[in-house]
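What follows is the content of upload18.cif, which has mmCIF, C-alpha atoms:
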```cif
data_input
#
loop_
_atom_site.label_atom_id
_atom_site.label_comp_id
_atom_site.auth_asym_id
_atom_site.auth_seq_id
_atom_site.Cartn_x
_atom_site.Cartn_y
_atom_site.Cartn_z
CA MET T 1 -8.30 5.06 -2.53
CA LEU T 2 -11.97 5.22 -1.56
CA LEU T 3 -12.30 8.73 -3.01
CA ASN T 4 -10.67 7.66 -6.25
CA THR T 5 -13.01 4.66 -6.49
CA LEU T 6 -16.01 6.92 -5.88
CA LEU T 7 -14.90 9.28 -8.65
CA LEU T 8 -14.54 6.35 -11.05
CA ALA T 9 -18.06 5.19 -10.18
CA LEU T 10 -19.52 8.68 -10.70
CA ARG T 11 -17.71 9.03 -14.02
CA SER T 12 -19.18 5.74 -15.20
CA ILE T 13 -22.68 6.79 -14.17
CA ARG T 14 -22.31 10.14 -15.96
CA ARG T 15 -21.27 8.41 -19.20
CA ASN T 16 -24.70 6.72 -19.40
CA LEU T 17 -27.11 9.23 -17.84
CA LEU T 18 -30.28 7.92 -19.49
CA ARG T 19 -29.50 4.30 -18.61
CA SER T 20 -28.61 5.32 -15.05
CA PHE T 21 -31.91 7.20 -14.70
CA LEU T 22 -33.93 4.24 -15.96
CA THR T 23 -31.98 1.99 -13.60
CA ILE T 24 -32.89 4.00 -10.50
CA LEU T 25 -36.50 4.58 -11.57
CA GLY T 26 -37.66 1.51 -9.69
CA ILE T 27 -35.92 2.74 -6.52
CA VAL T 28 -37.45 6.22 -6.95
CA ILE T 29 -40.95 4.79 -7.31
CA GLY T 30 -40.48 2.37 -4.42
CA VAL T 31 -39.12 4.92 -1.94
CA GLY T 32 -41.69 7.50 -3.02
CA ALA T 33 -44.57 5.05 -2.66
CA VAL T 34 -43.48 3.81 0.78
CA ILE T 35 -43.00 7.30 2.24
CA THR T 36 -46.21 8.64 0.69
CA MET T 37 -48.34 5.75 1.91
CA VAL T 38 -46.94 5.83 5.44
CA THR T 39 -47.21 9.64 5.68
CA LEU T 40 -50.82 9.68 4.46
CA GLY T 41 -51.65 6.76 6.75
CA ASN T 42 -50.23 8.58 9.78
CA GLY T 43 -52.14 11.72 8.80
CA ALA T 44 -55.37 9.72 8.47
CA THR T 45 -54.77 8.15 11.89
CA LEU T 46 -54.32 11.58 13.47
CA ALA T 47 -57.43 12.88 11.67
CA VAL T 48 -59.50 10.00 13.08
CA GLN T 49 -58.18 10.65 16.58
CA ASN T 50 -58.99 14.36 16.29
CA GLN T 51 -62.49 13.69 14.98
CA ILE T 52 -63.23 11.20 17.76
CA SER T 53 -61.87 13.59 20.40
CA GLY T 54 -64.15 16.23 18.87
CA LEU T 55 -67.10 14.20 20.19
CA GLY T 56 -65.99 15.12 23.69
CA THR T 57 -63.22 14.86 26.23
CA ASN T 58 -63.13 11.55 28.16
CA LEU T 59 -66.70 11.03 26.99
CA LEU T 60 -69.04 8.14 27.75
CA GLN T 61 -72.19 7.84 25.65
CA VAL T 62 -74.99 5.91 27.37
CA ARG T 63 -77.89 4.72 25.22
CA PRO T 64 -80.83 2.36 25.78
CA GLY T 65 -80.58 -1.07 24.16
CA GLN T 66 -77.81 -3.65 24.10
CA ARG T 67 -76.28 -2.32 20.88
CA MET T 68 -75.41 1.08 19.47
CA MET T 69 -78.14 2.23 17.11
CA GLY T 70 -76.55 5.41 15.68
CA PRO T 71 -76.68 9.05 16.79
CA GLY T 72 -80.34 8.88 17.75
CA GLY T 73 -79.75 5.93 20.07
CA GLY T 74 -82.52 3.69 21.22
CA GLY T 75 -82.62 -0.07 21.04
CA ALA T 76 -85.96 -1.63 20.14
CA GLY T 77 -88.02 -2.41 23.26
CA ALA T 78 -85.51 -0.93 25.72
CA PRO T 79 -86.93 1.77 28.03
CA SER T 80 -85.56 5.26 27.44
CA PHE T 81 -83.78 7.33 30.03
CA LYS T 82 -85.22 10.26 31.96
CA GLU T 83 -83.69 13.55 33.01
CA VAL T 84 -83.58 12.29 36.59
CA ASP T 85 -81.21 9.52 35.45
CA ALA T 86 -78.72 12.15 34.31
CA GLU T 87 -79.14 14.03 37.60
CA ALA T 88 -78.49 10.82 39.56
CA ILE T 89 -75.32 10.11 37.60
CA ALA T 90 -74.03 13.63 38.23
CA THR T 91 -74.66 13.50 41.98
CA GLN T 92 -73.89 9.88 42.86
CA ILE T 93 -70.78 9.01 40.84
CA GLY T 94 -67.36 10.55 41.49
CA GLY T 95 -64.91 11.67 38.84
CA ILE T 96 -67.63 13.18 36.64
CA ALA T 97 -67.08 16.61 35.07
CA ALA T 98 -70.47 17.03 33.37
CA VAL T 99 -73.58 15.02 32.54
CA ALA T 100 -75.98 16.02 29.77
CA PRO T 101 -79.29 14.34 28.87
CA GLU T 102 -79.86 14.47 25.12
CA ALA T 103 -83.05 14.08 23.08
CA ARG T 104 -82.93 14.29 19.28
CA THR T 105 -85.25 14.58 16.35
CA GLY T 106 -85.05 15.78 12.77
CA SER T 107 -87.07 18.64 11.35
CA THR T 108 -87.18 21.36 8.72
CA VAL T 109 -86.24 24.75 10.14
CA VAL T 110 -87.35 27.99 8.51
CA ALA T 111 -85.95 31.54 8.64
CA ASN T 112 -85.63 34.47 6.24
CA GLY T 113 -87.85 32.75 3.72
CA ARG T 114 -85.42 29.80 3.53
CA ASN T 115 -85.79 26.28 4.86
CA TRP T 116 -83.24 23.64 5.83
CA THR T 117 -83.52 20.12 7.23
CA SER T 118 -81.44 19.79 10.38
CA SER T 119 -80.96 17.84 13.60
CA ILE T 120 -82.88 19.27 16.56
CA ILE T 121 -81.22 18.53 19.89
CA GLY T 122 -82.69 19.12 23.31
CA SER T 123 -80.28 19.28 26.25
CA THR T 124 -78.73 21.53 28.90
CA ASN T 125 -75.67 23.77 29.00
CA ALA T 126 -73.70 20.70 30.12
CA TRP T 127 -74.07 19.41 26.54
CA LEU T 128 -71.61 22.09 25.44
CA VAL T 129 -69.10 20.84 28.02
CA THR T 130 -69.41 17.15 27.16
CA GLY T 131 -69.02 17.82 23.43
CA ASN T 132 -66.21 20.42 23.67
CA TRP T 133 -68.44 23.03 22.02
CA LYS T 134 -67.56 26.71 22.11
CA LEU T 135 -69.79 29.70 21.54
CA GLY T 136 -68.77 31.89 18.60
CA GLN T 137 -71.52 34.42 19.26
CA GLY T 138 -74.17 34.99 21.90
CA ARG T 139 -74.73 33.22 25.20
CA GLU T 140 -75.75 29.95 26.80
CA PHE T 141 -79.25 29.21 28.12
CA SER T 142 -80.18 30.81 31.44
CA ASP T 143 -81.40 28.68 34.35
CA ASP T 144 -84.90 30.18 34.02
CA GLU T 145 -85.01 29.27 30.31
CA LEU T 146 -83.98 25.69 31.07
CA ARG T 147 -86.55 25.29 33.86
CA ALA T 148 -89.42 26.88 31.93
CA GLY T 149 -88.65 25.30 28.56
CA ALA T 150 -88.35 28.69 26.88
CA ALA T 151 -88.42 29.07 23.10
CA VAL T 152 -84.71 29.85 22.65
CA CYS T 153 -82.02 28.03 20.70
CA LEU T 154 -78.35 27.86 19.69
CA ILE T 155 -77.54 27.04 16.08
CA GLY T 156 -74.58 25.42 14.32
CA GLU T 157 -72.50 27.12 11.65
CA THR T 158 -74.12 25.16 8.81
CA VAL T 159 -77.63 26.26 9.83
CA ARG T 160 -76.45 29.86 10.18
CA ARG T 161 -74.85 29.83 6.74
CA GLU T 162 -77.78 28.20 4.95
CA LEU T 163 -80.53 30.29 6.53
CA TYR T 164 -78.96 33.62 7.35
CA GLY T 165 -75.91 34.03 5.11
CA ALA T 166 -73.88 37.01 6.24
CA ARG T 167 -76.68 38.55 8.35
CA ASP T 168 -76.54 39.02 12.10
CA VAL T 169 -78.50 36.14 13.64
CA LEU T 170 -78.61 37.02 17.34
CA GLY T 171 -82.16 37.85 18.40
CA SER T 172 -83.69 36.60 15.14
CA GLN T 173 -86.53 34.08 15.00
CA LEU T 174 -86.15 30.48 13.81
CA ARG T 175 -89.22 28.31 13.22
CA VAL T 176 -88.92 24.65 14.19
CA LYS T 177 -92.08 22.73 13.28
CA GLN T 178 -94.91 24.60 14.98
CA ILE T 179 -92.87 26.82 17.32
CA SER T 180 -90.75 29.90 16.75
CA CYS T 181 -87.64 30.24 18.89
CA GLU T 182 -85.18 33.08 19.43
CA VAL T 183 -81.58 32.49 18.35
CA VAL T 184 -79.43 33.42 21.35
CA GLY T 185 -76.08 31.99 20.19
CA VAL T 186 -74.03 30.47 17.38
CA LEU T 187 -71.66 27.54 17.97
CA VAL T 188 -68.08 27.52 16.70
CA SER T 189 -67.71 25.26 13.67
CA LYS T 190 -66.40 21.71 14.15
CA GLY T 191 -66.66 20.47 10.58
CA GLN T 192 -67.05 16.86 9.52
CA GLY T 193 -67.40 14.21 12.20
CA ALA T 194 -65.64 10.88 12.54
CA PHE T 195 -68.49 9.08 10.74
CA GLY T 196 -68.80 11.55 7.87
CA ASN T 197 -71.63 13.59 9.42
CA ASP T 198 -71.76 17.38 9.49
CA GLN T 199 -71.38 18.28 13.16
CA ASP T 200 -72.43 21.90 12.53
CA ASP T 201 -75.85 20.99 11.10
CA LEU T 202 -77.81 21.29 14.35
CA VAL T 203 -80.19 23.36 16.42
CA LEU T 204 -79.80 23.11 20.21
CA MET T 205 -82.64 24.07 22.54
CA PRO T 206 -83.52 23.38 26.20
CA ILE T 207 -84.54 19.76 26.60
CA LYS T 208 -87.88 20.67 28.15
CA THR T 209 -88.68 22.84 25.12
CA LEU T 210 -88.04 19.93 22.78
CA GLN T 211 -89.99 17.46 24.88
CA ARG T 212 -93.06 19.63 25.52
CA ARG T 213 -93.41 21.50 22.22
CA ILE T 214 -91.90 19.22 19.56
CA THR T 215 -91.67 15.52 20.46
CA GLY T 216 -94.49 15.45 23.01
CA ASN T 217 -92.73 12.94 25.30
CA THR T 218 -90.13 12.92 28.06
CA ARG T 219 -87.80 10.33 26.53
CA VAL T 220 -84.04 10.90 26.62
CA ASN T 221 -82.21 9.17 23.77
CA THR T 222 -78.67 9.52 25.15
CA VAL T 223 -76.92 10.48 28.35
CA LEU T 224 -73.50 12.07 27.74
CA VAL T 225 -71.04 11.69 30.61
CA SER T 226 -67.76 13.61 30.57
CA MET T 227 -65.16 12.28 32.99
CA MET T 228 -62.61 14.44 34.79
CA ASP T 229 -58.99 14.31 33.66
CA GLY T 230 -57.19 11.60 35.60
CA SER T 231 -60.36 9.62 36.35
CA ASP T 232 -60.25 5.86 36.04
CA PRO T 233 -62.55 5.06 33.08
CA ASP T 234 -63.07 1.44 34.16
CA ARG T 235 -64.12 2.48 37.67
CA VAL T 236 -66.45 5.18 36.35
CA LYS T 237 -68.04 2.79 33.84
CA ALA T 238 -68.49 0.12 36.51
CA SER T 239 -70.14 2.61 38.89
CA LEU T 240 -72.30 3.96 36.07
CA THR T 241 -73.42 0.50 35.05
CA GLN T 242 -74.28 -0.47 38.63
CA LEU T 243 -76.25 2.75 39.20
CA LEU T 244 -78.27 2.41 36.00
CA ARG T 245 -79.03 -1.27 36.69
CA GLU T 246 -80.42 -0.25 40.08
CA ARG T 247 -82.46 2.60 38.62
CA ARG T 248 -83.80 0.38 35.82
CA LYS T 249 -84.61 -2.37 38.38
CA LEU T 250 -82.62 -5.12 36.68
CA ALA T 251 -82.12 -8.40 38.53
CA SER T 252 -78.66 -9.90 38.89
CA THR T 253 -79.54 -12.44 36.18
CA ASP T 254 -80.83 -9.82 33.74
CA GLU T 255 -78.66 -8.49 30.96
CA ASP T 256 -78.06 -4.75 30.66
CA ASN T 257 -80.76 -3.02 28.61
CA PHE T 258 -78.41 -0.12 27.91
CA ASN T 259 -74.91 0.25 26.50
CA VAL T 260 -71.95 2.47 27.37
CA LEU T 261 -69.57 3.64 24.64
CA ASP T 262 -66.17 5.01 25.62
CA THR T 263 -65.08 7.36 22.81
CA LYS T 264 -61.42 6.89 23.79
CA GLN T 265 -61.70 3.15 23.19
CA LEU T 266 -63.42 3.88 19.88
CA ALA T 267 -60.58 6.21 18.90
CA ASP T 268 -57.99 3.57 19.83
CA THR T 269 -59.82 0.92 17.79
CA LEU T 270 -60.16 3.08 14.68
CA SER T 271 -56.56 4.31 15.03
CA GLY T 272 -55.34 0.72 15.30
CA THR T 273 -57.24 -0.16 12.14
CA THR T 274 -55.74 2.73 10.16
CA LYS T 275 -52.26 1.86 11.44
CA VAL T 276 -52.63 -1.74 10.25
CA MET T 277 -53.80 -0.50 6.84
CA THR T 278 -50.84 1.90 6.72
CA MET T 279 -48.39 -0.92 7.44
CA LEU T 280 -50.06 -3.10 4.80
CA LEU T 281 -49.90 -0.37 2.14
CA GLY T 282 -46.28 0.39 3.07
CA ALA T 283 -45.36 -3.29 2.76
CA VAL T 284 -47.01 -3.53 -0.66
CA ALA T 285 -45.21 -0.39 -1.81
CA ALA T 286 -41.90 -1.79 -0.52
CA VAL T 287 -42.16 -4.64 -3.05
CA SER T 288 -41.35 -2.11 -5.78
CA LEU T 289 -38.03 -1.49 -4.00
CA LEU T 290 -37.10 -5.12 -4.59
CA VAL T 291 -38.10 -4.76 -8.23
CA GLY T 292 -35.84 -1.69 -8.43
CA GLY T 293 -33.00 -3.68 -6.88
CA ILE T 294 -33.36 -6.39 -9.50
CA GLY T 295 -33.19 -3.68 -12.16
CA ILE T 296 -29.93 -2.39 -10.67
CA MET T 297 -28.43 -5.89 -10.66
CA ASN T 298 -29.47 -6.43 -14.26
CA ILE T 299 -27.93 -3.19 -15.48
CA MET T 300 -24.76 -3.76 -13.45
CA LEU T 301 -24.33 -7.19 -15.06
CA VAL T 302 -24.70 -5.54 -18.47
CA SER T 303 -22.16 -2.91 -17.42
CA VAL T 304 -19.67 -5.59 -16.37
CA THR T 305 -20.02 -7.29 -19.75
CA GLU T 306 -19.57 -4.01 -21.63
CA ARG T 307 -16.50 -3.04 -19.63
CA THR T 308 -14.73 -6.40 -19.62
CA ARG T 309 -11.66 -5.06 -21.43
CA GLU T 310 -11.46 -2.08 -19.05
CA ILE T 311 -11.63 -4.42 -16.06
CA GLY T 312 -8.97 -6.69 -17.58
CA LEU T 313 -6.70 -3.70 -18.20
CA ARG T 314 -7.03 -2.51 -14.62
CA LEU T 315 -6.29 -5.96 -13.25
CA ALA T 316 -3.31 -6.36 -15.64
CA ILE T 317 -1.62 -3.17 -14.49
CA GLY T 318 -1.85 -4.07 -10.83
CA ALA T 319 -5.37 -3.28 -9.57
CA LEU T 320 -6.45 -5.61 -6.79
CA GLU T 321 -9.62 -7.68 -6.95
CA ARG T 322 -11.07 -5.88 -3.94
CA GLU T 323 -10.53 -2.51 -5.68
CA VAL T 324 -12.52 -3.66 -8.71
CA LEU T 325 -15.14 -5.15 -6.42
CA LEU T 326 -15.37 -1.86 -4.49
CA GLN T 327 -15.65 0.17 -7.70
CA PHE T 328 -18.72 -1.68 -8.98
CA LEU T 329 -20.22 -2.01 -5.52
CA ILE T 330 -19.93 1.75 -4.94
CA GLU T 331 -21.43 2.38 -8.36
CA ALA T 332 -24.49 0.29 -7.43
CA VAL T 333 -24.81 1.95 -4.02
CA VAL T 334 -24.53 5.45 -5.54
CA LEU T 335 -27.27 4.61 -8.04
CA ALA T 336 -29.57 3.24 -5.33
CA SER T 337 -28.85 6.12 -2.92
CA LEU T 338 -29.47 8.68 -5.65
CA GLY T 339 -32.79 6.98 -6.36
CA GLY T 340 -33.58 7.13 -2.65
CA VAL T 341 -32.89 10.88 -2.45
CA ILE T 342 -35.03 11.62 -5.52
CA GLY T 343 -37.78 9.37 -4.14
CA ILE T 344 -37.79 11.25 -0.81
CA VAL T 345 -38.09 14.62 -2.57
CA LEU T 346 -40.93 13.41 -4.79
CA ALA T 347 -42.68 11.72 -1.86
CA THR T 348 -42.56 14.92 0.20
CA GLY T 349 -44.24 16.89 -2.59
CA ALA T 350 -46.81 14.16 -3.22
CA SER T 351 -47.58 13.80 0.50
CA VAL T 352 -48.17 17.53 0.97
CA GLY T 353 -50.43 17.72 -2.09
CA LEU T 354 -52.43 14.59 -1.30
CA SER T 355 -52.80 15.59 2.37
CA ARG T 356 -54.48 18.81 1.29
CA LEU T 357 -56.62 16.97 -1.25
CA MET T 358 -57.73 14.38 1.31
CA ASP T 359 -58.05 16.98 4.08
CA VAL T 360 -55.79 15.11 6.50
CA PRO T 361 -52.85 16.54 8.47
CA TYR T 362 -49.37 16.31 6.91
CA LEU T 363 -46.96 14.68 9.36
CA PHE T 364 -43.30 14.64 8.42
CA ASN T 365 -41.82 11.43 9.76
CA PRO T 366 -37.99 11.62 9.78
CA GLY T 367 -37.75 7.98 10.84
CA VAL T 368 -39.60 6.69 7.77
CA ASN T 369 -37.60 8.94 5.44
CA LEU T 370 -34.27 7.86 6.95
CA LEU T 371 -35.26 4.19 6.96
CA SER T 372 -36.34 4.38 3.31
CA PHE T 373 -33.03 5.96 2.32
CA LEU T 374 -30.99 3.37 4.23
CA PHE T 375 -33.10 0.59 2.75
CA SER T 376 -32.49 1.90 -0.77
CA ALA T 377 -28.74 2.02 -0.10
CA GLY T 378 -28.94 -1.51 1.29
CA ILE T 379 -30.69 -2.59 -1.90
CA GLY T 380 -27.67 -1.23 -3.80
CA VAL T 381 -25.28 -3.28 -1.67
CA LEU T 382 -27.41 -6.41 -1.87
CA PHE T 383 -28.07 -6.42 -5.60
CA GLY T 384 -24.78 -4.82 -6.60
CA TYR T 385 -22.55 -7.34 -4.85
CA PHE T 386 -23.01 -10.20 -7.31
CA PRO T 387 -22.14 -8.16 -10.44
CA ALA T 388 -19.22 -6.54 -8.57
CA ARG T 389 -17.88 -9.95 -7.48
CA ARG T 390 -18.20 -11.21 -11.04
CA ALA T 391 -16.17 -8.24 -12.31
CA ALA T 392 -13.46 -8.72 -9.65
CA ARG T 393 -13.03 -12.42 -10.49
CA LEU T 394 -12.47 -11.92 -14.22
CA ASP T 395 -9.24 -13.43 -15.60
CA PRO T 396 -7.17 -10.44 -16.83
CA ILE T 397 -5.89 -12.33 -19.90
CA GLU T 398 -9.35 -13.50 -20.94
CA ALA T 399 -10.78 -10.04 -20.24
CA LEU T 400 -8.16 -8.36 -22.50
CA ARG T 401 -9.04 -10.77 -25.31
CA HIS T 402 -12.75 -9.93 -24.98
CA GLU T 403 -14.26 -8.13 -27.97
#
```

Would you kindly transcribe this structure into C-alpha cells?
Amino acid sequence: MLLNTLLLALRSIRRNLLRSFLTILGIVIGVGAVITMVTLGNGATLAVQNQISGLGTNLLQVRPGQRMMGPGGGGAGAPSFKEVDAEAIATQIGGIAAVAPEARTGSTVVANGRNWTSSIIGSTNAWLVTGNWKLGQGREFSDDELRAGAAVCLIGETVRRELYGARDVLGSQLRVKQISCEVVGVLVSKGQGAFGNDQDDLVLMPIKTLQRRITGNTRVNTVLVSMMDGSDPDRVKASLTQLLRERRKLASTDEDNFNVLDTKQLADTLSGTTKVMTMLLGAVAAVSLLVGGIGIMNIMLVSVTERTREIGLRLAIGALEREVLLQFLIEAVVLASLGGVIGIVLATGASVGLSRLMDVPYLFNPGVNLLSFLFSAGIGVLFGYFPARRAARLDPIEALRHE
C-alpha cells in the first residue's frame, strides 16, 4: 500500500513539474544557505586557528606595558626588557622549550637596484623555534655571528621575491639603512597572518647587530616563550610573572608593567567568535526553510482544491481516510526531500567555490548535511499535514458534486 501511495504522489508531482519546482525552491534555497554558511564558518574557524598556531607552538608573548600595543610591543612609560631577561626565563623556569628576545624596527632595504620597505627583526636562532619557522635555503646564524653582532641576515619569501626575483640570493648583499649584510638563508613562506599582516615580509638578523648598528639601543620589544608540549600554561605563566616582577623590582602592591599573551587563548577566543557568527548566520538562513514550508502548504492546499473530485471518487469507491491522508502527506514530504537533496548538491558546489575564493579550508560536515536533509523532510511533514488532513476529511458526496 505504501509503495502504491508513493507512486500516486510521484505521478501527481510529475503532472505539474513547473509548479512542483517553484514549490520546492524555498526549500532548496534554505538548505543551500544553511549548509553553505555553516561550512564556510567552520572553514573560517579552522583558518583562524591555523593562522594563530602559525605564530608559534604553545607560545607566550611578553611585552612591556599593561596592554598589548601591536607587533612592535611597548607600552608608554614601561621599561623595556633586556637580553638577560630572556636568559633568566630560559634558565630559571621549567617547561620551557625556547626563549627568544625580539627587537623590531621598520626600514627600507635595498638590493639589485630595487628597494622595499620591510620589518627588520633582531633575535637569536631560538626565534625560529618559537615561531615555527623553517629554512627553505641556507643556514641559521652561527654562535660567533650572534656574539659578535655580525652583518648577516635571513630574509622572508616576500623580500626575496621583491628584491631578487628568480635569482640565487645566498651570499648576496642586502643593505639595511647604513649597513650591508650578507644573506645566509631564506625562510619558508607562511603567508598571511591572523591579523592580515604579511608574515613573509621580514629581515631577521642577530639581535646585537640590530641594536648596535641600526637602533642604537639595547631595548627588547618582546620576549617570545615557547612552552614544551604537556606543560601547564597556567603554572608557566605564574612562574614567568613572578620572575619578571622580581627582575623589574615591583612591590607587592604594584601592578604589572608588562603583559603576557597566550596565543592558544587568543585562538580559542577568536574561534569562539567565529563559531557564534556561524551559528547566527545558520539560524538566519534557516528562516528561509520555514518560508519554503509555508510555500509547500500553500501549494498543497491549492492541489487539494483542484483534485476535490478525484479525492471524492477515491473515497466513494472504498479508499480509507488514512490512505488519502498518507497520499498527500507523502507528496509533501517527497517535495520537501527533493528540495533538500537539490539544496545539498548546490550547497556543496557553492561551498567549494566560495572556500577557494575566500582562501579558507573546505570542510565537509556530514552532520550538517544530514540534519539539513532531515529538517527539510520534517518541514514537509509539518506543513503538509494540514492540507492532507483537509483532503482526507472531505465528504465524498460533496466532493463528487464539486466543479

Legend entry - Closest of T:Val276, T:Leu25, T:Leu174, T:Val186 to Leu335 (chain T) - atom-to-atom distances counting all atoms listed in the file: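 Counting all atoms listed in the file, the residue closest to Leu335 (chain T) is T:Leu25.
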
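Nearest to Phe328 (chain T) of all the residues T:Gly380, T:Gly32, T:Gly26, T:Gly272 is T:Gly380, counting all atoms listed in the file.
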
Legend entry - Separation of CA of Leu46 (chain T) from CA of Leu59 (chain T) in Å: 18.3 Å

What are the centre and the three edge lengths of an axis-aligned box that wraps all atoms of region 371-383 of chain T in the file, given that 8 Å is added to every side, written as lines of an AutoDock Vina configuration file and rounded to one decimal in Å?
```
center_x = -30.8
center_y = -0.2
center_z = 0.7
size_x = 27.1
size_y = 28.4
size_z = 28.6
```

Legend entry - Reference answer for the PyMOL selection byres ((chain T and resi 291) around 12), as a PyMOL selection string: chain T and resi 23-31+284-290+292-298+376+379-380+383

Legend entry - Reference answer for the PyMOL selection byres ((chain T and resi 357-371) around 7), as a list in words: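 After applying the PyMOL selection byres ((chain T and resi 357-371) around 7), what remains is Ile35, Thr39, Asn42, Gly43, Ala44, Ala47, Ile344, Val352, Gly353, Leu354, Ser355, Arg356, Ser372, Phe373, Leu374 and Phe375 of chain T.
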
Inset, instruction - Provide the CA of Phe258 (chain T) to CA of Asp143 (chain T) distance in Å, to one decimal place. - result: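 Between CA of Phe258 (chain T) and CA of Asp143 (chain T) the gap works out to 29.7 Å.
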
Inset, instruction - Mind checking which residues fall within 8 Å of region 108-116 of chain T, counting only C-alpha atoms, ignoring those fewer than 5 positions away in the same chain, and posting them as a list in words? - result: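 Counting only C-alpha atoms, the residues come to Val159, Glu162, Leu163, Tyr164, Gln173, Leu174, Arg175, Val176 and Lys177 of chain T.
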
Legend entry - Residues returned when the PyMOL selection byres ((chain T and resi 242) around 12) runs on this file, as a list in words: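 That expression, the PyMOL selection byres ((chain T and resi 242) around 12), corresponds here to Ile89, Gln92, Ile93, Arg235, Val236, Lys237, Ala238, Ser239, Leu240, Thr241, Leu243, Leu244, Arg245, Glu246, Arg247, Arg248, Lys249, Leu250, Ala251, Ser252, Glu255, Asp256, Phe258 and Val260 of chain T.
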
Inset, instruction - Could you check which of T:Ser303, T:Thr158, T:Cys181, T:Cys153 is closest to Glu140 (chain T), using all atoms listed in the file? - result: T:Cys153

Legend entry - For CA of Leu202 (chain T) and CA of Gly156 (chain T), the interatomic separation in Å (one decimal): 5.2 Å

Legend entry - Residues within 8 Å of (-67.2, 21.0, 10.6), counting only C-alpha atoms, listed as a PyMOL selection string: chain T and resi 189-193+198-200

Legend entry - Nearest residue to Ala283 (chain T) from the set T:Val184, T:Met37, T:Leu329, T:Ala78 (distances using only C-alpha atoms):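 Closest to Ala283 (chain T) of all the choices is T:Met37.
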
Legend entry - Selected residue of minimal separation from Gly122 (chain T) among T:Arg213, T:Arg139, T:Arg167, T:Lys134, counting all atoms listed in the file: T:Arg213

Legend entry - Nearest to Val169 (chain T) by atom-to-atom distance, counting all atoms listed in the file, from T:Ile121, T:Ala126, T:Ala103, T:Val183: T:Val183

Legend entry - Exercise: Thr105 (chain T) partners within 8 Å, all atoms listed in the file, chain neighbours under 3 positions left out, as number ranges by chain: T: 72, 119-121, 215
